[in-house]
Amino acid sequence: MTGTALDAATTELLAGSLRELLASVSAGGELGPALDALGWAEVLADDPATATTLLFTEHGRALVSSRALDDVLLAELDPALPPAAGSRALLYPHPAEGADPAPLDGPLWGVLLGPLHGVDEVVVPATAEGRTVLVTVAATDLAAAGGPATGFDLGSTWHTVAGPRPPGSGPPAPEAWTRAVAAGRRALAAEMIGVCESALTLATAHTTDRVQYGRPIASFQAVRHRLAEAYVAVTAARAVLDAAWTAAGGADGGGWAAAAAKLQAGRAQAQVMRHAVQVCGAMGLSQESELHRHVTRAAALDALLGGHMALAESAGAALLAGADVHPVVEL
Amino acid sequence: MSGEMDVFVAEVRRFLDANVTRQATSGTELEWGTGPDQIAYFSTDPPDVDAAKVAEARSWQRRRHEAGFGWITGPPEYGGRGLSTVHDLVYDGIEAEYEVPDTGVLSVIGLGMIGPTILAHAQGHIKDRYLPAMYSGEVIACQLFSEPGAGSDLASLATRAVRDGDGWVITGQKVWTSIAQHAHIGMALCRTDPDQPKHKGITAFLIDMSAPGVEVRPLRQMSGGADFNEVFLTDVRVPDDHRLGEVDDGWRVALTTLMNERATVGGEGAGPAARAVSLPFLTALLKANGRLEDAASRRRLAELVADLTATEYLNHQALRRMQAGRQPGPEASVSKLMYAQNLTRGAHFAAEIVGPRLIADTGEWGAYSWNELLLSTPALRILGGTEEIMKNILAERVLGLPKEPGIDTRSPFRELKRSGGTA
């Protein structure tokens with residue numbers, strides 16, 4: 001941590017402001033100006049761990065879809081890039097490829113987190129000769145290849161990009177990409193935790209209100225134990241995320257710990273959503289309930305930059321190859 | 001670190017260097033196939049070996065105490081050092097680098113749970129009498145709580161304590177009592193007023209385990225050892241000054257012990273089981289069994305390490321809170337659940353790797369020995385509050401879910417329906 005750590009009271013105050021801010025943002029809208037008005041840059045500089053976790057947890061809780069994550073990754077990529085000609089967005093590797101950018105000699109394939117209104121250029125990571133290069137493409141050159149990623153997560157503003165790659169190359173920046181992926185995974189873990197917390201709140205309220213056999217169904221152990229397990233899963237995910245931030249200053253940006261944080265959050269969302277859907281019964285199955293929005297959002301976030309099954313395997317392989325598991329707990 | 005802490009660290013190292021030897025390998029290195037082939041959570045040693053180990057533990061605790069490290073956070077008037085939880089953690093961290101006897105028989109229950117309870121609830125001269133003796137390894141304490149008819153529903157306990165002159169006479173049966181066979185004193189919860197609701201008529205006492213009428217009988221566990229016991233109490237006389245807290249207020253006293261229990265169980269880090277369910281040991285296990293390239297094993301290893309990281313970090317946060325003077329709260333239930341889950345998953349992971357060698361001893365190091373852990377982990381999901389009770393605590397006290405109806409906390413104890421006989 002570089003600056004002054006945020007205390008609990010300030011954090012709570014900021015969480016309240018963020019909730020208001022996120023409630024007022026339209027789908028795919030820009031968070032940037034509102035965050036600037038809040039003085040977010042200063043908060044972030046003071047205590048990046050608390051600030052990032054807070055912003056993305058609230059982002060998840062509010063089920064907002066925005067390009068806020070771009071700022072997290074671009075902050076790591078910018079030093080390796082030529083000066084920006086206007087505002088930038090990032091093309092993420094397609095979820096099917098985990099965190100591995102598509103080959104430079106093949107077509108474009110990836111996702112944007114929102115439409116490119118007001119964006120001047122897009123940073124397109126690609127793989128050339130086994131290394132990540134960062135190609136900068138004019139937003140207008142990309143527009144034709146992109147379209148809304150409709151279907152699964154109905155509230156999402158994501159765009160799938162698939163089509164011929166515009167000519168051009170860029171600097172090799174494998175280290176910057178590794179750090180960016182680590183930073184992105186920490187933010188995504190926080191966002192999944194937020195979605196989980198919100199789903200748990202819904203399930204808690206539903207099972208407390210819903211009466212069967214003359215009593216609230218949350219008083220049945222079969223129901224309340226599922227929710228307790230969900231709570232344990234979220235708590236564990238938050239612990240691994242907090243631990244991952246203690247490793248963020250490492251040479252590779254705390255890569256292994258960040259992967260573990262996203263792995264744990266991904267496992268948590270799978271468990272929380274399974275339990276939440278079950279205890280909400282038939283009411284949770286219909287789109288009249290808000291629950292489906294949590295289920296699809298959490299699954300989509302899990303898939304970005306490596307889903308939990310794939311991450312478990314790569315993190316396990318890294319462990320067996322002697323990955324530096326940063327001593328996460330320091331006195 | 002501050003200068004004061006540097007001085008403390010130097011003092012700790014001087015003491016350890018002068019008395020014990022440093023471990024050949026550090027915690028992160030491991031030589032597969034060397035050292036004792038034992039992965040037990042509970043002792044499975046024969047009684048004579050067990051007794052020798054207890055003697056070693058007491059002797060090591062005495063030396064710690066003489067050097068000022070027997071009770072680092074305790075008040076000086078009772079033989080403590082009066083230092084912070086951080087000093088305690090620093091000491092534990094450094095001591096882990098050395099070959100020292102396992103002092104779990106003293107520390108887990110006596111020093112971890114009953115000591116703090118005595119400190120909070122006993123009269124001054126009783127604290128003088130027992131606390132220095134406990135923290136210097138002279139006195140071992142056990143916890144006489146559970147009964148045949150009072151397990152999860154501890155408040156339904158039926159062991160009676162009846163006033164008799166200036167003391168009390170206690171009669172009843174306790175069960176699943178760890179280390180009672182080694183203990184000098186026991187903290188007993190007794191029914192003093194059966195006409196009050198069950199939580200109200202309980203009183204806590206310290207019992208001399210060598211007093212007439214105390215009989216300890218071992219219970220053999222599925223893992224092979226006999227670490228816990230039945231304790232029969234027949235007309236055991238206890239002086240009134242051995243009462244902890246007020247008459248009929250024993251439930252509050254018990255809660256002090258139980259909260260420390262969950263924190264102690266969830267926060268355990270040392271011992272052969274924790275050493276086995278760790279990244280270096282499990283990596284070595286996969287290597288020795290030619291499973292490094294197995295994708296399913298790699299996946300489970302990563303998940304397990306992530307879970308261990310979570311538990312380690314939660315314990316770290318809990319210690320920080322205790323350091324800030326706050327009592328362990330419902331969050332201790334999360335640590336306890338996760339600790340048991342980690343060791344259980346670790347044991348199952350290893351069981352799948354070693355296959356049939358788990359049940360048929362081929363003489364191979366690090367194979368058959370896993371059966372001890374596999375057969376011990378079910379106990380971890382029961383002791384110190386069953387998983388079902390932990391989940392109820394989280395459901396009600398953290399998530400705020402409605403209570404289960406039909407649990408009678410108002411009727412007099414003597415009118416309740418109970419297992420194991422009537423009051």
# chains A, B, ... in the order shown; residues from 1 in each chain; ligands from 1
call {"tool": "interface_residues", "arguments": {"of": "chain B", "to": "chain A", "cutoff": "8 Å", "atoms": "only C-alpha atoms", "output": "PyMOL selection string"}}
result
chain B and resi 86+283+292+295-296+298-303+306-307+309-314+316+334+338+388+391-392+394-395+399+401-405
call {"tool": "write_last_selection", "arguments": {"atoms": "N, CA and C atoms", "output": "tab-separated table (two decimals), in the first residue's frame"}}
result
chain	number	residue	atom	x	y	z
B	86	VAL	N	0.49	-10.12	19.49
B	86	VAL	CA	1.53	-10.12	18.45
B	86	VAL	C	2.81	-10.78	18.98
B	283	THR	N	2.42	-31.77	-2.47
B	283	THR	CA	3.20	-31.77	-3.70
B	283	THR	C	4.13	-33.00	-3.72
B	292	LEU	N	2.08	-35.93	-10.95
B	292	LEU	CA	2.27	-34.50	-11.25
B	292	LEU	C	1.55	-34.07	-12.51
B	295	ALA	N	-4.37	-33.96	-14.33
B	295	ALA	CA	-5.09	-32.68	-14.31
B	295	ALA	C	-6.06	-32.58	-13.13
B	296	ALA	N	-6.76	-33.67	-12.84
B	296	ALA	CA	-7.74	-33.64	-11.75
B	296	ALA	C	-7.04	-33.38	-10.42
B	298	ARG	N	-4.17	-31.84	-9.96
B	298	ARG	CA	-3.68	-30.46	-9.95
B	298	ARG	C	-4.79	-29.50	-9.57
B	299	ARG	N	-5.97	-29.75	-10.14
B	299	ARG	CA	-7.12	-28.88	-9.86
B	299	ARG	C	-7.47	-28.92	-8.38
B	300	ARG	N	-7.51	-30.11	-7.84
B	300	ARG	CA	-7.90	-30.23	-6.43
B	300	ARG	C	-6.83	-29.65	-5.52
B	301	LEU	N	-5.57	-29.79	-5.93
B	301	LEU	CA	-4.50	-29.21	-5.12
B	301	LEU	C	-4.66	-27.68	-5.06
B	302	ALA	N	-4.92	-27.07	-6.22
B	302	ALA	CA	-5.07	-25.61	-6.25
B	302	ALA	C	-6.25	-25.17	-5.38
B	303	GLU	N	-7.35	-25.91	-5.46
B	303	GLU	CA	-8.52	-25.55	-4.66
B	303	GLU	C	-8.22	-25.67	-3.17
B	306	ALA	N	-6.03	-22.83	-2.08
B	306	ALA	CA	-6.83	-21.60	-1.96
B	306	ALA	C	-7.63	-21.62	-0.66
B	307	ASP	N	-8.19	-22.78	-0.31
B	307	ASP	CA	-8.94	-22.90	0.94
B	307	ASP	C	-8.03	-22.72	2.16
B	309	THR	N	-5.34	-20.96	2.21
B	309	THR	CA	-5.02	-19.53	2.24
B	309	THR	C	-6.14	-18.76	2.92
B	310	ALA	N	-7.38	-19.11	2.57
B	310	ALA	CA	-8.53	-18.43	3.17
B	310	ALA	C	-8.53	-18.62	4.69
B	311	THR	N	-8.32	-19.85	5.12
B	311	THR	CA	-8.35	-20.13	6.56
B	311	THR	C	-7.24	-19.39	7.29
B	312	GLU	N	-6.07	-19.42	6.68
B	312	GLU	CA	-4.91	-18.75	7.28
B	312	GLU	C	-5.20	-17.25	7.42
B	313	TYR	N	-5.78	-16.68	6.39
B	313	TYR	CA	-6.04	-15.24	6.43
B	313	TYR	C	-7.15	-14.91	7.43
B	314	LEU	N	-8.18	-15.76	7.50
B	314	LEU	CA	-9.26	-15.53	8.47
B	314	LEU	C	-8.73	-15.61	9.90
B	316	HIS	N	-5.71	-14.99	10.81
B	316	HIS	CA	-4.90	-13.79	10.96
B	316	HIS	C	-5.79	-12.59	11.34
B	334	VAL	N	-16.87	-19.71	11.22
B	334	VAL	CA	-16.41	-19.87	9.84
B	334	VAL	C	-15.05	-20.56	9.83
B	338	MET	N	-14.18	-24.20	8.24
B	338	MET	CA	-13.21	-24.31	7.15
B	338	MET	C	-12.02	-25.17	7.53
B	388	GLU	N	-23.41	-28.73	12.14
B	388	GLU	CA	-24.82	-28.31	12.11
B	388	GLU	C	-25.05	-27.14	13.06
B	391	LYS	N	-23.45	-23.98	11.65
B	391	LYS	CA	-24.27	-23.38	10.58
B	391	LYS	C	-25.49	-22.70	11.16
B	392	ASN	N	-26.05	-23.26	12.22
B	392	ASN	CA	-27.17	-22.58	12.89
B	392	ASN	C	-26.73	-21.23	13.44
B	394	LEU	N	-24.28	-19.33	12.36
B	394	LEU	CA	-24.11	-18.39	11.25
B	394	LEU	C	-25.46	-17.94	10.71
B	395	ALA	N	-26.40	-18.90	10.60
B	395	ALA	CA	-27.72	-18.58	10.06
B	395	ALA	C	-28.43	-17.54	10.92
B	399	LEU	N	-26.52	-14.12	9.48
B	399	LEU	CA	-27.48	-13.83	8.41
B	399	LEU	C	-28.81	-13.31	8.96
B	401	LEU	N	-31.36	-15.03	10.15
B	401	LEU	CA	-32.52	-15.85	9.79
B	401	LEU	C	-33.34	-16.18	11.05
B	402	PRO	N	-34.64	-16.44	10.85
B	402	PRO	CA	-35.48	-16.73	12.02
B	402	PRO	C	-35.05	-18.01	12.74
B	403	LYS	N	-35.28	-18.03	14.04
B	403	LYS	CA	-34.93	-19.19	14.85
B	403	LYS	C	-35.82	-20.37	14.51
B	404	GLU	N	-35.32	-21.55	14.85
B	404	GLU	CA	-36.17	-22.73	14.69
B	404	GLU	C	-37.26	-22.70	15.74
B	405	PRO	N	-38.50	-22.88	15.33
B	405	PRO	CA	-39.55	-22.91	16.35
B	405	PRO	C	-39.51	-24.24	17.09
call {"tool": "select_by_dssp", "arguments": {"residues": "range 221-268 of chain B", "states": "strand (DSSP E or B)", "output": "number ranges by chain"}}
result
B: 228-239, 243-244, 249
call {"tool": "write_last_selection", "arguments": {"atoms": "all heavy atoms", "output": "tab-separated table (two decimals), in the first residue's frame"}}
result
chain	number	residue	atom	x	y	z
B	228	PHE	N	-10.02	-39.73	24.05
B	228	PHE	CA	-11.08	-39.17	24.88
B	228	PHE	C	-11.78	-40.24	25.70
B	228	PHE	O	-11.53	-41.43	25.54
B	228	PHE	CB	-11.99	-38.22	24.13
B	228	PHE	CG	-12.83	-38.75	23.01
B	228	PHE	CD1	-12.91	-40.09	22.70
B	228	PHE	CD2	-13.58	-37.85	22.27
B	228	PHE	CE1	-13.71	-40.52	21.68
B	228	PHE	CE2	-14.38	-38.29	21.24
B	228	PHE	CZ	-14.45	-39.62	20.94
B	229	ASN	N	-12.60	-39.77	26.65
B	229	ASN	CA	-12.98	-40.62	27.77
B	229	ASN	C	-14.41	-40.39	28.22
B	229	ASN	O	-15.02	-39.38	27.90
B	229	ASN	CB	-12.10	-40.27	28.99
B	229	ASN	CG	-10.63	-40.35	28.69
B	229	ASN	OD1	-10.03	-41.39	28.79
B	229	ASN	ND2	-10.05	-39.23	28.28
B	230	GLU	N	-14.86	-41.35	29.03
B	230	GLU	CA	-16.04	-41.13	29.85
B	230	GLU	C	-15.53	-40.72	31.23
B	230	GLU	O	-14.53	-41.26	31.70
B	230	GLU	CB	-16.84	-42.41	30.02
B	230	GLU	CG	-17.40	-42.99	28.74
B	230	GLU	CD	-18.12	-44.30	29.01
B	230	GLU	OE1	-17.45	-45.30	29.34
B	230	GLU	OE2	-19.34	-44.31	28.90
B	231	VAL	N	-16.22	-39.81	31.88
B	231	VAL	CA	-15.84	-39.43	33.24
B	231	VAL	C	-17.07	-39.58	34.13
B	231	VAL	O	-18.09	-38.91	33.89
B	231	VAL	CB	-15.29	-37.99	33.30
B	231	VAL	CG1	-14.93	-37.61	34.74
B	231	VAL	CG2	-14.06	-37.84	32.40
B	232	PHE	N	-16.96	-40.46	35.10
B	232	PHE	CA	-18.07	-40.67	36.04
B	232	PHE	C	-17.80	-39.90	37.31
B	232	PHE	O	-16.70	-39.97	37.87
B	232	PHE	CB	-18.23	-42.17	36.34
B	232	PHE	CG	-18.64	-42.96	35.14
B	232	PHE	CD1	-17.69	-43.46	34.25
B	232	PHE	CD2	-19.99	-43.19	34.87
B	232	PHE	CE1	-18.08	-44.17	33.13
B	232	PHE	CE2	-20.38	-43.90	33.74
B	232	PHE	CZ	-19.42	-44.39	32.87
B	233	LEU	N	-18.79	-39.15	37.76
B	233	LEU	CA	-18.67	-38.34	38.98
B	233	LEU	C	-19.69	-38.87	39.97
B	233	LEU	O	-20.90	-38.82	39.71
B	233	LEU	CB	-18.94	-36.87	38.66
B	233	LEU	CG	-18.09	-36.26	37.52
B	233	LEU	CD1	-18.65	-34.92	37.06
B	233	LEU	CD2	-16.64	-36.09	37.97
B	234	THR	N	-19.20	-39.40	41.09
B	234	THR	CA	-20.09	-39.97	42.09
B	234	THR	C	-19.84	-39.31	43.44
B	234	THR	O	-18.78	-39.52	44.04
B	234	THR	CB	-19.87	-41.49	42.20
B	234	THR	OG1	-19.88	-42.04	40.88
B	234	THR	CG2	-20.97	-42.15	43.02
B	235	ASP	N	-20.77	-38.49	43.87
B	235	ASP	CA	-20.65	-37.78	45.15
B	235	ASP	C	-19.28	-37.11	45.31
B	235	ASP	O	-18.61	-37.27	46.33
B	235	ASP	CB	-20.90	-38.74	46.34
B	235	ASP	CG	-22.35	-39.25	46.33
B	235	ASP	OD1	-23.22	-38.53	45.81
B	235	ASP	OD2	-22.58	-40.37	46.82
B	236	VAL	N	-18.87	-36.39	44.31
B	236	VAL	CA	-17.57	-35.70	44.35
B	236	VAL	C	-17.75	-34.39	45.11
B	236	VAL	O	-18.61	-33.57	44.78
B	236	VAL	CB	-17.06	-35.41	42.92
B	236	VAL	CG1	-15.72	-34.68	42.98
B	236	VAL	CG2	-16.93	-36.71	42.14
B	237	ARG	N	-16.95	-34.20	46.15
B	237	ARG	CA	-17.06	-32.97	46.96
B	237	ARG	C	-16.18	-31.87	46.40
B	237	ARG	O	-15.01	-32.09	46.10
B	237	ARG	CB	-16.65	-33.26	48.41
B	237	ARG	CG	-17.58	-34.25	49.14
B	237	ARG	CD	-17.36	-34.16	50.64
B	237	ARG	NE	-17.65	-32.82	51.15
B	237	ARG	CZ	-18.88	-32.41	51.51
B	237	ARG	NH1	-19.90	-33.23	51.42
B	237	ARG	NH2	-19.06	-31.19	51.95
B	238	VAL	N	-16.79	-30.69	46.24
B	238	VAL	CA	-16.07	-29.55	45.69
B	238	VAL	C	-16.30	-28.35	46.62
B	238	VAL	O	-17.44	-28.02	46.93
B	238	VAL	CB	-16.58	-29.21	44.27
B	238	VAL	CG1	-15.86	-27.98	43.72
B	238	VAL	CG2	-16.39	-30.39	43.34
B	239	PRO	N	-15.21	-27.70	47.09
B	239	PRO	CA	-15.41	-26.51	47.94
B	239	PRO	C	-16.06	-25.37	47.15
B	239	PRO	O	-15.85	-25.27	45.94
B	239	PRO	CB	-13.98	-26.12	48.37
B	239	PRO	CG	-13.05	-27.08	47.73
B	239	PRO	CD	-13.81	-28.02	46.86
B	243	ARG	N	-16.01	-22.70	42.68
B	243	ARG	CA	-17.09	-22.33	41.76
B	243	ARG	C	-16.56	-21.24	40.83
B	243	ARG	O	-15.84	-20.34	41.25
B	243	ARG	CB	-18.28	-21.84	42.57
B	243	ARG	CG	-19.42	-21.29	41.78
B	243	ARG	CD	-20.69	-21.15	42.64
B	243	ARG	NE	-20.45	-20.54	43.96
B	243	ARG	CZ	-20.32	-19.24	44.17
B	243	ARG	NH1	-20.37	-18.39	43.15
B	243	ARG	NH2	-20.11	-18.77	45.41
B	244	LEU	N	-16.93	-21.31	39.53
B	244	LEU	CA	-16.57	-20.26	38.56
B	244	LEU	C	-17.82	-19.43	38.28
B	244	LEU	O	-18.83	-19.97	37.82
B	244	LEU	CB	-16.04	-20.87	37.26
B	244	LEU	CG	-14.75	-21.69	37.37
B	244	LEU	CD1	-14.45	-22.39	36.05
B	244	LEU	CD2	-13.58	-20.82	37.78
B	249	ASP	N	-25.28	-19.22	37.12
B	249	ASP	CA	-24.86	-18.36	36.00
B	249	ASP	C	-23.77	-19.04	35.17
B	249	ASP	O	-22.96	-18.40	34.51
B	249	ASP	CB	-24.36	-17.01	36.56
B	249	ASP	CG	-24.29	-15.93	35.48
B	249	ASP	OD1	-25.06	-16.03	34.50
B	249	ASP	OD2	-23.46	-15.01	35.61
call {"tool": "select_by_dssp", "arguments": {"residues": "range 16-93 of chain A", "states": "alpha helix (DSSP H)", "output": "PyMOL selection string"}}
result
chain A and resi 16-24+32-37+40-46+48-61+68-77
call {"tool": "write_last_selection", "arguments": {"atoms": "N, CA and C atoms", "output": "short mmCIF file (atom, residue, chain, number, x, y, z; two decimals), in the first residue's frame"}}
result
data_model
loop_
_atom_site.label_atom_id
_atom_site.label_comp_id
_atom_site.auth_asym_id
_atom_site.auth_seq_id
_atom_site.Cartn_x
_atom_site.Cartn_y
_atom_site.Cartn_z
N GLY A 16 -21.45 3.98 0.52
CA GLY A 16 -22.75 4.63 0.34
C GLY A 16 -22.77 5.52 -0.90
N SER A 17 -21.71 6.30 -1.08
CA SER A 17 -21.64 7.18 -2.26
C SER A 17 -21.60 6.35 -3.54
N LEU A 18 -20.83 5.26 -3.50
CA LEU A 18 -20.74 4.41 -4.70
C LEU A 18 -22.09 3.80 -5.04
N ARG A 19 -22.83 3.38 -4.00
CA ARG A 19 -24.14 2.78 -4.24
C ARG A 19 -25.06 3.77 -4.96
N GLU A 20 -25.04 5.01 -4.48
CA GLU A 20 -25.87 6.04 -5.13
C GLU A 20 -25.45 6.24 -6.58
N LEU A 21 -24.13 6.33 -6.74
CA LEU A 21 -23.57 6.57 -8.06
C LEU A 21 -23.93 5.44 -9.03
N LEU A 22 -23.78 4.20 -8.55
CA LEU A 22 -24.02 3.04 -9.41
C LEU A 22 -25.50 2.87 -9.72
N ALA A 23 -26.34 3.28 -8.77
CA ALA A 23 -27.78 3.16 -9.01
C ALA A 23 -28.23 4.12 -10.10
N SER A 24 -27.47 5.19 -10.31
CA SER A 24 -27.91 6.19 -11.27
C SER A 24 -27.30 6.00 -12.66
N GLY A 32 -16.80 6.91 -15.40
CA GLY A 32 -15.65 7.80 -15.21
C GLY A 32 -15.98 9.17 -14.66
N PRO A 33 -16.84 9.94 -15.35
CA PRO A 33 -17.12 11.31 -14.87
C PRO A 33 -17.66 11.35 -13.44
N ALA A 34 -18.57 10.41 -13.12
CA ALA A 34 -19.15 10.39 -11.77
C ALA A 34 -18.09 10.04 -10.73
N LEU A 35 -17.20 9.10 -11.08
CA LEU A 35 -16.12 8.73 -10.16
C LEU A 35 -15.14 9.89 -9.98
N ASP A 36 -14.90 10.63 -11.07
CA ASP A 36 -14.03 11.81 -10.97
C ASP A 36 -14.62 12.81 -10.00
N ALA A 37 -15.95 13.01 -10.10
CA ALA A 37 -16.62 13.97 -9.24
C ALA A 37 -16.49 13.56 -7.77
N TRP A 40 -12.36 9.96 -6.95
CA TRP A 40 -11.97 8.56 -6.83
C TRP A 40 -10.48 8.33 -7.04
N ALA A 41 -9.87 9.12 -7.96
CA ALA A 41 -8.44 8.92 -8.26
C ALA A 41 -7.61 9.04 -6.99
N GLU A 42 -8.00 9.99 -6.15
CA GLU A 42 -7.25 10.21 -4.91
C GLU A 42 -7.44 9.03 -3.94
N VAL A 43 -8.69 8.56 -3.84
CA VAL A 43 -9.00 7.42 -2.98
C VAL A 43 -8.18 6.21 -3.43
N LEU A 44 -8.16 5.99 -4.75
CA LEU A 44 -7.47 4.85 -5.33
C LEU A 44 -5.96 4.93 -5.07
N ALA A 45 -5.42 6.14 -5.17
CA ALA A 45 -3.98 6.32 -4.94
C ALA A 45 -3.64 6.07 -3.47
N ASP A 46 -4.53 6.47 -2.58
CA ASP A 46 -4.28 6.31 -1.15
C ASP A 46 -4.28 4.86 -0.72
N PRO A 48 -5.13 1.48 -2.79
CA PRO A 48 -5.65 0.77 -3.98
C PRO A 48 -6.42 -0.50 -3.63
N ALA A 49 -5.96 -1.22 -2.62
CA ALA A 49 -6.61 -2.48 -2.29
C ALA A 49 -8.05 -2.24 -1.84
N THR A 50 -8.22 -1.40 -0.84
CA THR A 50 -9.57 -1.16 -0.32
C THR A 50 -10.45 -0.50 -1.38
N ALA A 51 -9.88 0.48 -2.09
CA ALA A 51 -10.68 1.21 -3.08
C ALA A 51 -11.15 0.31 -4.20
N THR A 52 -10.24 -0.50 -4.75
CA THR A 52 -10.61 -1.36 -5.88
C THR A 52 -11.63 -2.41 -5.44
N THR A 53 -11.38 -3.02 -4.28
CA THR A 53 -12.30 -4.04 -3.80
C THR A 53 -13.68 -3.43 -3.54
N LEU A 54 -13.68 -2.23 -2.97
CA LEU A 54 -14.95 -1.56 -2.67
C LEU A 54 -15.72 -1.25 -3.96
N LEU A 55 -15.03 -0.63 -4.92
CA LEU A 55 -15.71 -0.24 -6.16
C LEU A 55 -16.30 -1.45 -6.87
N PHE A 56 -15.49 -2.52 -7.00
CA PHE A 56 -15.98 -3.65 -7.78
C PHE A 56 -16.98 -4.50 -7.01
N THR A 57 -16.87 -4.53 -5.69
CA THR A 57 -17.91 -5.23 -4.92
C THR A 57 -19.25 -4.53 -5.11
N GLU A 58 -19.24 -3.21 -5.02
CA GLU A 58 -20.50 -2.47 -5.21
C GLU A 58 -21.00 -2.58 -6.65
N HIS A 59 -20.07 -2.56 -7.60
CA HIS A 59 -20.39 -2.74 -9.01
C HIS A 59 -21.11 -4.06 -9.20
N GLY A 60 -20.60 -5.10 -8.56
CA GLY A 60 -21.22 -6.42 -8.65
C GLY A 60 -22.57 -6.44 -7.97
N ARG A 61 -22.62 -5.85 -6.78
CA ARG A 61 -23.86 -5.86 -6.01
C ARG A 61 -24.99 -5.16 -6.78
N ALA A 68 -15.69 -0.25 -16.41
CA ALA A 68 -14.82 0.15 -15.29
C ALA A 68 -13.57 -0.74 -15.19
N LEU A 69 -13.73 -2.00 -15.56
CA LEU A 69 -12.59 -2.93 -15.46
C LEU A 69 -11.46 -2.53 -16.41
N ASP A 70 -11.82 -1.91 -17.55
CA ASP A 70 -10.80 -1.46 -18.50
C ASP A 70 -9.74 -0.61 -17.81
N ASP A 71 -10.20 0.31 -16.93
CA ASP A 71 -9.27 1.22 -16.26
C ASP A 71 -8.25 0.44 -15.43
N VAL A 72 -8.71 -0.66 -14.81
CA VAL A 72 -7.83 -1.46 -13.95
C VAL A 72 -6.70 -2.09 -14.78
N LEU A 73 -7.08 -2.68 -15.91
CA LEU A 73 -6.06 -3.34 -16.73
C LEU A 73 -5.20 -2.32 -17.48
N LEU A 74 -5.86 -1.25 -17.98
CA LEU A 74 -5.09 -0.26 -18.75
C LEU A 74 -4.07 0.46 -17.88
N ALA A 75 -4.37 0.59 -16.57
CA ALA A 75 -3.40 1.24 -15.68
C ALA A 75 -2.08 0.45 -15.67
N GLU A 76 -2.17 -0.86 -15.85
CA GLU A 76 -0.96 -1.69 -15.89
C GLU A 76 -0.34 -1.70 -17.29
N LEU A 77 -1.20 -1.53 -18.33
CA LEU A 77 -0.69 -1.63 -19.71
C LEU A 77 -0.15 -0.31 -20.22
#
call {"tool": "closest_residue", "arguments": {"among": "A:Thr136, A:Ser26, A:Thr127, A:Thr178", "to": "Leu305 in chain A", "atoms": "only C-alpha atoms"}}
result
A:Thr178
call {"tool": "residues_around", "arguments": {"residues": "Ala96 in chain A", "least_positions_apart": "2", "cutoff": "8 Å", "atoms": "only C-alpha atoms", "output": "PyMOL selection string"}}
result
chain A and resi 94+98+303
call {"tool": "write_last_selection", "arguments": {"atoms": "N, CA and C atoms", "output": "PDB file, in the first residue's frame"}}
result
ATOM      1  N   HIS A  94     -11.252 -13.690 -25.679  1.00  0.00           N
ATOM      2  CA  HIS A  94     -12.561 -14.335 -25.600  1.00  0.00           C
ATOM      3  C   HIS A  94     -12.557 -15.293 -24.407  1.00  0.00           C
ATOM      4  N   GLY A  98      -9.608 -18.126 -21.956  1.00  0.00           N
ATOM      5  CA  GLY A  98      -9.036 -17.750 -20.657  1.00  0.00           C
ATOM      6  C   GLY A  98      -8.430 -16.362 -20.725  1.00  0.00           C
ATOM      7  N   ALA A 303     -16.310 -16.348 -16.172  1.00  0.00           N
ATOM      8  CA  ALA A 303     -15.694 -16.804 -17.427  1.00  0.00           C
ATOM      9  C   ALA A 303     -14.601 -15.856 -17.925  1.00  0.00           C
TER      10      ALA A 303
END
call {"tool": "residues_around", "arguments": {"residues": "Glu331 in chain B", "least_positions_apart": "2", "cutoff": "9 Å", "atoms": "only C-alpha atoms", "output": "list in words"}}
result
Ala263, Leu314, Ala318, Pro328, Gly329, Ser333, Val334, Ser335, Lys336, Leu394 and Val398 of chain B
call {"tool": "atom_distance", "arguments": {"atom1": "CA of Tyr368 in chain B", "atom2": "CA of Asn289 in chain B"}}
result
13.2 Å
call {"tool": "residues_around", "arguments": {"residues": "range 150-160 of chain A", "least_positions_apart": "3", "cutoff": "6 Å", "atoms": "only C-alpha atoms", "output": "PyMOL selection string"}}
result
chain A and resi 28+65+111-114+146-147+296-297
call {"tool": "closest_residue", "arguments": {"among": "B:Thr159, B:Thr203, B:Ser84, B:Ser210", "to": "Ser146 in chain B", "atoms": "only C-alpha atoms"}}
result
B:Thr159
call {"tool": "residues_around", "arguments": {"residues": "Gly168 in chain A", "least_positions_apart": "3", "cutoff": "10 Å", "atoms": "only C-alpha atoms", "output": "ChimeraX atom specification"}}
result
/A:104,135-137,165
call {"tool": "write_last_selection", "arguments": {"atoms": "C-alpha atoms", "output": "PDB file, in the first residue's frame"}}
result
ATOM      1  CA  LEU A 104      -1.611 -11.911 -34.062  1.00  0.00           C
ATOM      2  CA  VAL A 135      -1.677  -3.504 -30.666  1.00  0.00           C
ATOM      3  CA  THR A 136      -3.529  -0.230 -30.647  1.00  0.00           C
ATOM      4  CA  VAL A 137      -6.420  -0.054 -33.098  1.00  0.00           C
ATOM      5  CA  ARG A 165      -7.800  -8.167 -37.923  1.00  0.00           C
TER       6      ARG A 165
END
call {"tool": "residues_around", "arguments": {"residues": "Asp128 in chain B", "least_positions_apart": "3", "cutoff": "9 Å", "atoms": "only C-alpha atoms", "output": "JSON, numbers by chain"}}
result
{"B": [77, 78, 79, 123, 124, 125, 131, 132, 133]}
